[in-house]
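**Q** One structure, as structure tokens, below. Some questions next.
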Amino acid sequence: MTKRTRLHSVDRYPANEAGGRDFAVGDIHGHFSRLQQALNAADFNPERDRLFSVGDLVDRGPESAQVLEWLQRPWFHAVQGNHEEIGVRYVRERSISAGHYTVLGGAWLMDLPAIDQMNIADALAGLPIAIEVETPGGLVAIVHADCPMPTWGLFIQFLEHSDVNHREMKDLSQWSRRRLEQADASGVPDLRALVVGHTPLREPAVLGNVYHIDTGAWLKDGSGRFTLLDLQTLETIPPMRGRLQWSD
């Protein structure tokens, strides 16, 4: 399975032609060994299955430097999260101070040689803001934090064709917690489902048709885990047990 060519800020994938499963996973934050364990537990088959990440692949965890290796895997696809954006800004612009980036978990990148920093920044800068995946039940979309416009179609049209306030819309899509904070269950009407991460929860949560699947596998206290969402069935592994719950 080969990756589709990116058009502007959106990657589009057809239905899984290999007959396998498509999964989405929450924030990884440099815990790729734990992610592999979760994939093994789900009998993930890299010859047939695909994995889509909601972003925040790096920072905070001990294996962030493995990000290039994972991005080269033909079955692994990711959107750009706010931590990828921060890393790019640190390397390319130095608009993030070393002290601030250290607090955010970026010491691993700062400790690398300059050429390695640039290679990683180039890879992270090339990630799309949004991913669309065709499924038998309809279109499923993935973005890091939220769709900041009333419909997905308007958001994608804006990303692909507008230069006005593009940064503001991008920032909202990578940072917003409005939907969770307001318990907004209105959903995104022109999608089967929208899948996001960014906010750690004790259990995955569904508001309307928006699936929040960052269940804190990266938390230092070990209380979290990876949640895999099957994009065809919209069922989670492990199964969803409860209601909206914030993680401490």
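Letters A, B, ... mark the chains of the structure tokens in the order given; residue numbers begin at 1 per chain; ligand numbers begin at 1, in order shown.
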Using only C-alpha atoms, which protein or nucleic acid residues come within 12 Å of range 99-113 of chain A? Drop anything in the same chain fewer than 6 positions from it, and give the result as a PDB file with N, CA and C atoms, in the first residue's frame.
**A**
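New file selection-v4.pdb:
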```pdb
ATOM      1  N   HIS A  29       3.200  10.817  21.559  1.00  0.00           N
ATOM      2  CA  HIS A  29       4.167  11.514  22.404  1.00  0.00           C
ATOM      3  C   HIS A  29       5.399  10.661  22.726  1.00  0.00           C
ATOM      4  N   GLY A  30       6.011  10.108  21.691  1.00  0.00           N
ATOM      5  CA  GLY A  30       7.280   9.433  21.880  1.00  0.00           C
ATOM      6  C   GLY A  30       7.217   8.116  22.615  1.00  0.00           C
ATOM      7  N   ASP A  56       0.645  14.708  17.360  1.00  0.00           N
ATOM      8  CA  ASP A  56       1.431  14.690  18.594  1.00  0.00           C
ATOM      9  C   ASP A  56       2.174  13.360  18.699  1.00  0.00           C
ATOM     10  N   LEU A  57       2.991  13.111  17.695  1.00  0.00           N
ATOM     11  CA  LEU A  57       3.826  11.916  17.664  1.00  0.00           C
ATOM     12  C   LEU A  57       4.994  12.045  18.629  1.00  0.00           C
ATOM     13  N   VAL A  58       5.413  13.269  18.914  1.00  0.00           N
ATOM     14  CA  VAL A  58       6.689  13.514  19.588  1.00  0.00           C
ATOM     15  C   VAL A  58       6.495  14.332  20.863  1.00  0.00           C
ATOM     16  N   ASP A  59       7.649  14.499  21.570  1.00  0.00           N
ATOM     17  CA  ASP A  59       7.758  15.261  22.824  1.00  0.00           C
ATOM     18  C   ASP A  59       7.203  14.442  23.991  1.00  0.00           C
ATOM     19  N   ARG A  60       7.775  14.689  25.150  1.00  0.00           N
ATOM     20  CA  ARG A  60       7.368  14.099  26.434  1.00  0.00           C
ATOM     21  C   ARG A  60       7.829  12.664  26.622  1.00  0.00           C
ATOM     22  N   GLY A  61       7.855  11.844  25.581  1.00  0.00           N
ATOM     23  CA  GLY A  61       8.234  10.444  25.735  1.00  0.00           C
ATOM     24  C   GLY A  61       9.671  10.170  25.322  1.00  0.00           C
ATOM     25  N   PRO A  62      10.203   8.993  25.705  1.00  0.00           N
ATOM     26  CA  PRO A  62      11.621   8.694  25.510  1.00  0.00           C
ATOM     27  C   PRO A  62      12.003   8.268  24.097  1.00  0.00           C
ATOM     28  N   GLU A  63      11.029   8.033  23.218  1.00  0.00           N
ATOM     29  CA  GLU A  63      11.343   7.490  21.898  1.00  0.00           C
ATOM     30  C   GLU A  63      10.939   8.433  20.764  1.00  0.00           C
ATOM     31  N   SER A  64      10.912   9.725  21.063  1.00  0.00           N
ATOM     32  CA  SER A  64      10.477  10.692  20.055  1.00  0.00           C
ATOM     33  C   SER A  64      11.361  10.656  18.810  1.00  0.00           C
ATOM     34  N   ALA A  65      12.642  10.340  18.975  1.00  0.00           N
ATOM     35  CA  ALA A  65      13.567  10.325  17.844  1.00  0.00           C
ATOM     36  C   ALA A  65      13.241   9.212  16.848  1.00  0.00           C
ATOM     37  N   GLN A  66      12.349   8.291  17.211  1.00  0.00           N
ATOM     38  CA  GLN A  66      11.945   7.238  16.280  1.00  0.00           C
ATOM     39  C   GLN A  66      10.892   7.720  15.275  1.00  0.00           C
ATOM     40  N   VAL A  67      10.517   8.979  15.356  1.00  0.00           N
ATOM     41  CA  VAL A  67       9.413   9.465  14.532  1.00  0.00           C
ATOM     42  C   VAL A  67       9.676   9.298  13.040  1.00  0.00           C
ATOM     43  N   ASN A  82      -0.183  19.880  17.404  1.00  0.00           N
ATOM     44  CA  ASN A  82       0.431  21.117  17.869  1.00  0.00           C
ATOM     45  C   ASN A  82       1.883  20.914  18.289  1.00  0.00           C
ATOM     46  N   HIS A  83       2.247  19.725  18.751  1.00  0.00           N
ATOM     47  CA  HIS A  83       3.643  19.507  19.137  1.00  0.00           C
ATOM     48  C   HIS A  83       4.550  19.398  17.920  1.00  0.00           C
ATOM     49  N   GLU A  84       4.053  18.859  16.819  1.00  0.00           N
ATOM     50  CA  GLU A  84       4.844  18.893  15.586  1.00  0.00           C
ATOM     51  C   GLU A  84       5.048  20.333  15.128  1.00  0.00           C
ATOM     52  N   GLU A  85       3.985  21.127  15.192  1.00  0.00           N
ATOM     53  CA  GLU A  85       4.076  22.532  14.810  1.00  0.00           C
ATOM     54  C   GLU A  85       5.087  23.274  15.682  1.00  0.00           C
ATOM     55  N   ILE A  86       5.061  23.005  16.976  1.00  0.00           N
ATOM     56  CA  ILE A  86       5.998  23.660  17.893  1.00  0.00           C
ATOM     57  C   ILE A  86       7.433  23.282  17.541  1.00  0.00           C
ATOM     58  N   GLY A  87       7.683  21.998  17.274  1.00  0.00           N
ATOM     59  CA  GLY A  87       9.026  21.559  16.925  1.00  0.00           C
ATOM     60  C   GLY A  87       9.535  22.222  15.655  1.00  0.00           C
ATOM     61  N   VAL A  88       8.662  22.324  14.667  1.00  0.00           N
ATOM     62  CA  VAL A  88       9.046  22.981  13.415  1.00  0.00           C
ATOM     63  C   VAL A  88       9.403  24.443  13.676  1.00  0.00           C
ATOM     64  N   ARG A  89       8.604  25.124  14.461  1.00  0.00           N
ATOM     65  CA  ARG A  89       8.871  26.536  14.754  1.00  0.00           C
ATOM     66  C   ARG A  89      10.167  26.707  15.531  1.00  0.00           C
ATOM     67  N   TYR A  90      10.461  25.782  16.441  1.00  0.00           N
ATOM     68  CA  TYR A  90      11.712  25.874  17.190  1.00  0.00           C
ATOM     69  C   TYR A  90      12.913  25.740  16.260  1.00  0.00           C
ATOM     70  N   VAL A  91      12.885  24.737  15.382  1.00  0.00           N
ATOM     71  CA  VAL A  91      14.040  24.477  14.524  1.00  0.00           C
ATOM     72  C   VAL A  91      14.186  25.540  13.440  1.00  0.00           C
ATOM     73  N   ASN A 119      16.243  17.658   9.481  1.00  0.00           N
ATOM     74  CA  ASN A 119      15.573  16.537   8.814  1.00  0.00           C
ATOM     75  C   ASN A 119      14.243  16.211   9.469  1.00  0.00           C
ATOM     76  N   ILE A 120      14.216  16.232  10.795  1.00  0.00           N
ATOM     77  CA  ILE A 120      12.971  15.948  11.510  1.00  0.00           C
ATOM     78  C   ILE A 120      11.972  17.071  11.291  1.00  0.00           C
ATOM     79  N   ALA A 121      12.435  18.319  11.366  1.00  0.00           N
ATOM     80  CA  ALA A 121      11.529  19.453  11.142  1.00  0.00           C
ATOM     81  C   ALA A 121      10.929  19.404   9.746  1.00  0.00           C
ATOM     82  N   TRP A 218       0.722   8.277  27.126  1.00  0.00           N
ATOM     83  CA  TRP A 218       1.992   8.958  27.363  1.00  0.00           C
ATOM     84  C   TRP A 218       2.127   9.522  28.780  1.00  0.00           C
ATOM     85  N   LYS A 220       2.941  10.186  32.506  1.00  0.00           N
ATOM     86  CA  LYS A 220       4.079   9.690  33.282  1.00  0.00           C
ATOM     87  C   LYS A 220       3.675   8.729  34.381  1.00  0.00           C
TER      88      LYS A 220
END
```
**Q** Return as a ChimeraX atom specification the full set of residues in range 10-247 of chain A whose backbone-based DSSP assignment is strand (DSSP E or B).
**A** /A:10-13,22-25,50-53,76-78,130-135,138-143,193-196,201,205-207,210-212,216,225,228-230,236-237,246
**Q** Can you pull out every residue from range 66-238 of chain A that DSSP, working from the backbone, puts in helix (DSSP H, G or I), and format the result as a PDB file with C-alpha atoms, in the first residue's frame?
**A**
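And here's selection_25.pdb as it stands now:
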```pdb
ATOM      1  CA  GLN A  66      11.945   7.238  16.280  1.00  0.00           C
ATOM      2  CA  VAL A  67       9.413   9.465  14.532  1.00  0.00           C
ATOM      3  CA  LEU A  68      11.206   9.386  11.166  1.00  0.00           C
ATOM      4  CA  GLU A  69      11.300   5.598  11.219  1.00  0.00           C
ATOM      5  CA  TRP A  70       7.559   5.420  11.841  1.00  0.00           C
ATOM      6  CA  LEU A  71       6.705   8.024   9.225  1.00  0.00           C
ATOM      7  CA  ASN A  82       0.431  21.117  17.869  1.00  0.00           C
ATOM      8  CA  HIS A  83       3.643  19.507  19.137  1.00  0.00           C
ATOM      9  CA  GLU A  84       4.844  18.893  15.586  1.00  0.00           C
ATOM     10  CA  GLU A  85       4.076  22.532  14.810  1.00  0.00           C
ATOM     11  CA  ILE A  86       5.998  23.660  17.893  1.00  0.00           C
ATOM     12  CA  GLY A  87       9.026  21.559  16.925  1.00  0.00           C
ATOM     13  CA  VAL A  88       9.046  22.981  13.415  1.00  0.00           C
ATOM     14  CA  ARG A  89       8.871  26.536  14.754  1.00  0.00           C
ATOM     15  CA  TYR A  90      11.712  25.874  17.190  1.00  0.00           C
ATOM     16  CA  VAL A  91      14.040  24.477  14.524  1.00  0.00           C
ATOM     17  CA  ARG A  92      13.182  26.780  11.627  1.00  0.00           C
ATOM     18  CA  GLU A  93      12.344  30.065  13.337  1.00  0.00           C
ATOM     19  CA  ALA A  98      14.588  26.627  24.565  1.00  0.00           C
ATOM     20  CA  GLY A  99      13.184  26.935  28.073  1.00  0.00           C
ATOM     21  CA  HIS A 100       9.576  26.849  26.888  1.00  0.00           C
ATOM     22  CA  TYR A 101      10.207  23.936  24.555  1.00  0.00           C
ATOM     23  CA  THR A 102      11.939  22.002  27.330  1.00  0.00           C
ATOM     24  CA  VAL A 103       8.831  22.371  29.506  1.00  0.00           C
ATOM     25  CA  ALA A 107      14.649  18.452  24.984  1.00  0.00           C
ATOM     26  CA  TRP A 108      15.105  15.336  22.824  1.00  0.00           C
ATOM     27  CA  LEU A 109      15.043  17.470  19.660  1.00  0.00           C
ATOM     28  CA  MET A 110      17.254  20.231  21.027  1.00  0.00           C
ATOM     29  CA  ALA A 114      21.563  20.523  13.723  1.00  0.00           C
ATOM     30  CA  ILE A 115      21.300  18.399  10.569  1.00  0.00           C
ATOM     31  CA  ASP A 116      19.109  15.860  12.371  1.00  0.00           C
ATOM     32  CA  GLN A 117      16.936  18.641  13.749  1.00  0.00           C
ATOM     33  CA  MET A 118      16.418  19.973  10.230  1.00  0.00           C
ATOM     34  CA  ASN A 119      15.573  16.537   8.814  1.00  0.00           C
ATOM     35  CA  ILE A 120      12.971  15.948  11.510  1.00  0.00           C
ATOM     36  CA  ALA A 121      11.529  19.453  11.142  1.00  0.00           C
ATOM     37  CA  ASP A 122      11.201  18.936   7.384  1.00  0.00           C
ATOM     38  CA  ALA A 123       9.302  15.676   7.928  1.00  0.00           C
ATOM     39  CA  LEU A 124       6.994  17.169  10.552  1.00  0.00           C
ATOM     40  CA  ALA A 125       6.340  20.271   8.450  1.00  0.00           C
ATOM     41  CA  TRP A 152     -15.986  19.715   7.220  1.00  0.00           C
ATOM     42  CA  GLY A 153     -16.464  20.807   3.639  1.00  0.00           C
ATOM     43  CA  LEU A 154     -16.083  24.474   4.556  1.00  0.00           C
ATOM     44  CA  PHE A 155     -12.960  23.726   6.587  1.00  0.00           C
ATOM     45  CA  ILE A 156     -11.323  21.778   3.770  1.00  0.00           C
ATOM     46  CA  GLN A 157     -12.268  24.408   1.212  1.00  0.00           C
ATOM     47  CA  PHE A 158     -10.683  27.008   3.465  1.00  0.00           C
ATOM     48  CA  LEU A 159      -7.492  24.981   3.929  1.00  0.00           C
ATOM     49  CA  GLU A 160      -7.089  24.313   0.239  1.00  0.00           C
ATOM     50  CA  HIS A 161      -8.112  27.616  -1.278  1.00  0.00           C
ATOM     51  CA  HIS A 166      -4.996  30.401   7.427  1.00  0.00           C
ATOM     52  CA  ARG A 167      -2.789  30.358  10.516  1.00  0.00           C
ATOM     53  CA  GLU A 168      -5.748  31.080  12.787  1.00  0.00           C
ATOM     54  CA  MET A 169      -7.801  28.194  11.391  1.00  0.00           C
ATOM     55  CA  LYS A 170      -4.798  25.882  11.556  1.00  0.00           C
ATOM     56  CA  ASP A 171      -4.146  26.863  15.176  1.00  0.00           C
ATOM     57  CA  LEU A 172      -7.772  26.191  16.116  1.00  0.00           C
ATOM     58  CA  SER A 173      -7.668  22.792  14.445  1.00  0.00           C
ATOM     59  CA  GLN A 174      -4.556  21.892  16.442  1.00  0.00           C
ATOM     60  CA  TRP A 175      -5.268  23.518  19.802  1.00  0.00           C
ATOM     61  CA  ARG A 178     -13.995  24.106  22.881  1.00  0.00           C
ATOM     62  CA  ARG A 179     -16.096  21.072  21.948  1.00  0.00           C
ATOM     63  CA  LEU A 180     -15.104  19.172  25.080  1.00  0.00           C
ATOM     64  CA  GLU A 181     -15.240  22.171  27.390  1.00  0.00           C
TER      65      GLU A 181
END
```
**Q** Can you tell me which residues surround Gln80 in chain A at a distance of at most 6 Å, considering only C-alpha atoms, apart from same-chain residues fewer than 4 positions away, and format the answer as a compact mmCIF listing (two decimals) with all heavy atoms, in the first residue's frame?
**A**
```
# COMPACT_ATOMS: atom_id res chain seq x y z
N GLY A 55 -1.89 12.84 15.44
CA GLY A 55 -0.81 13.79 15.66
C GLY A 55 -0.27 13.77 17.07
O GLY A 55 -0.66 12.95 17.90
N GLU A 84 4.05 18.86 16.82
CA GLU A 84 4.84 18.89 15.59
C GLU A 84 5.05 20.33 15.13
O GLU A 84 6.15 20.73 14.72
CB GLU A 84 4.15 18.09 14.48
CG GLU A 84 4.31 16.58 14.60
CD GLU A 84 3.42 15.97 15.67
OE1 GLU A 84 2.20 16.26 15.67
OE2 GLU A 84 3.94 15.22 16.51
N LEU A 127 3.68 17.11 7.18
CA LEU A 127 2.46 16.39 7.54
C LEU A 127 1.23 17.23 7.24
O LEU A 127 1.25 18.45 7.39
CB LEU A 127 2.48 16.04 9.04
CG LEU A 127 3.56 15.06 9.48
CD1 LEU A 127 3.52 14.90 11.00
CD2 LEU A 127 3.39 13.71 8.80
N PRO A 128 0.14 16.61 6.82
CA PRO A 128 -1.08 17.35 6.52
C PRO A 128 -1.78 17.82 7.78
O PRO A 128 -1.59 17.26 8.86
CB PRO A 128 -1.94 16.33 5.77
CG PRO A 128 -1.53 15.03 6.38
CD PRO A 128 -0.04 15.15 6.62
N ILE A 129 -2.61 18.82 7.65
CA ILE A 129 -3.44 19.27 8.76
C ILE A 129 -4.61 18.32 8.94
O ILE A 129 -5.09 18.10 10.06
CB ILE A 129 -3.97 20.69 8.50
CG1 ILE A 129 -2.79 21.66 8.30
CG2 ILE A 129 -4.85 21.17 9.66
CD1 ILE A 129 -1.82 21.68 9.45
```
**Q** Between A:Ile142, A:Val133, A:Val188, A:Ser33, which is the closest to Arg12 in chain A once you count only C-alpha atoms?
**A**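 With only C-alpha atoms as the atom set, the closest residue is A:Val133.
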**Q** Give me the residues near Leu231 in chain A as a list in words, where near means some atom within 8 Å (using only C-alpha atoms) and where sequence neighbours in that chain fewer than 6 positions away do not count.
**A**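 So the residues in contact are Arg21, Asp22, Phe23, Ala24, Thr135 and Val140 of chain A.
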**Q** What lies within 10 Å of Arg192 in chain A using only C-alpha atoms, ignoring chain neighbours under 5 positions off, as a list in words?
**A** Glu134, Thr135, Gly137, Gly138, Leu139, Val140, Ala141, Gly187, Asn209, Val210, Leu231 and Leu234 of chain A
**Q** Go ahead and save the residues from that selection, with N, CA and C atoms, as a CSV table (one decimal), in the first residue's frame.
**A**
```csv
chain,number,residue,atom,x,y,z
A,134,GLU,N,-11.9,7.1,3.2
A,134,GLU,CA,-13.2,6.5,2.8
A,134,GLU,C,-13.4,5.2,3.5
A,135,THR,N,-14.6,5.0,4.0
A,135,THR,CA,-15.0,3.7,4.6
A,135,THR,C,-16.3,3.3,4.0
A,137,GLY,N,-19.0,2.9,5.4
A,137,GLY,CA,-20.1,3.6,6.0
A,137,GLY,C,-20.1,5.1,5.7
A,138,GLY,N,-19.1,5.6,5.0
A,138,GLY,CA,-19.0,7.0,4.7
A,138,GLY,C,-17.6,7.6,5.0
A,139,LEU,N,-17.5,8.9,4.8
A,139,LEU,CA,-16.2,9.5,5.0
A,139,LEU,C,-15.9,9.8,6.5
A,140,VAL,N,-14.7,9.3,6.9
A,140,VAL,CA,-14.1,9.6,8.2
A,140,VAL,C,-13.0,10.5,8.1
A,141,ALA,N,-12.9,11.6,8.9
A,141,ALA,CA,-11.9,12.6,8.8
A,141,ALA,C,-11.1,12.6,10.2
A,187,GLY,N,-21.8,17.8,16.6
A,187,GLY,CA,-21.1,17.0,15.6
A,187,GLY,C,-20.7,17.8,14.4
A,209,ASN,N,-20.8,13.1,16.5
A,209,ASN,CA,-20.0,12.1,15.7
A,209,ASN,C,-18.6,12.4,15.8
A,210,VAL,N,-18.1,13.1,16.8
A,210,VAL,CA,-16.7,13.5,17.0
A,210,VAL,C,-16.1,12.5,18.1
A,231,LEU,N,-12.0,2.3,12.0
A,231,LEU,CA,-12.7,3.3,11.2
A,231,LEU,C,-13.9,2.8,10.5
A,234,LEU,N,-16.3,1.8,13.9
A,234,LEU,CA,-16.3,2.9,14.9
A,234,LEU,C,-16.4,2.3,16.3
```
**Q** What separation in Å, quoted to one decimal, exists between CA of Ser53 in chain A and CA of Asp221 in chain A?
**A**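 Distance reported for this atom pair: 22.6 Å.
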**Q** Can you tell me how far CA of Ile96 in chain A sits from CA of Ala217 in chain A, in Å to one decimal?
**A**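 Computing it gives 25.8 Å between the two atoms.
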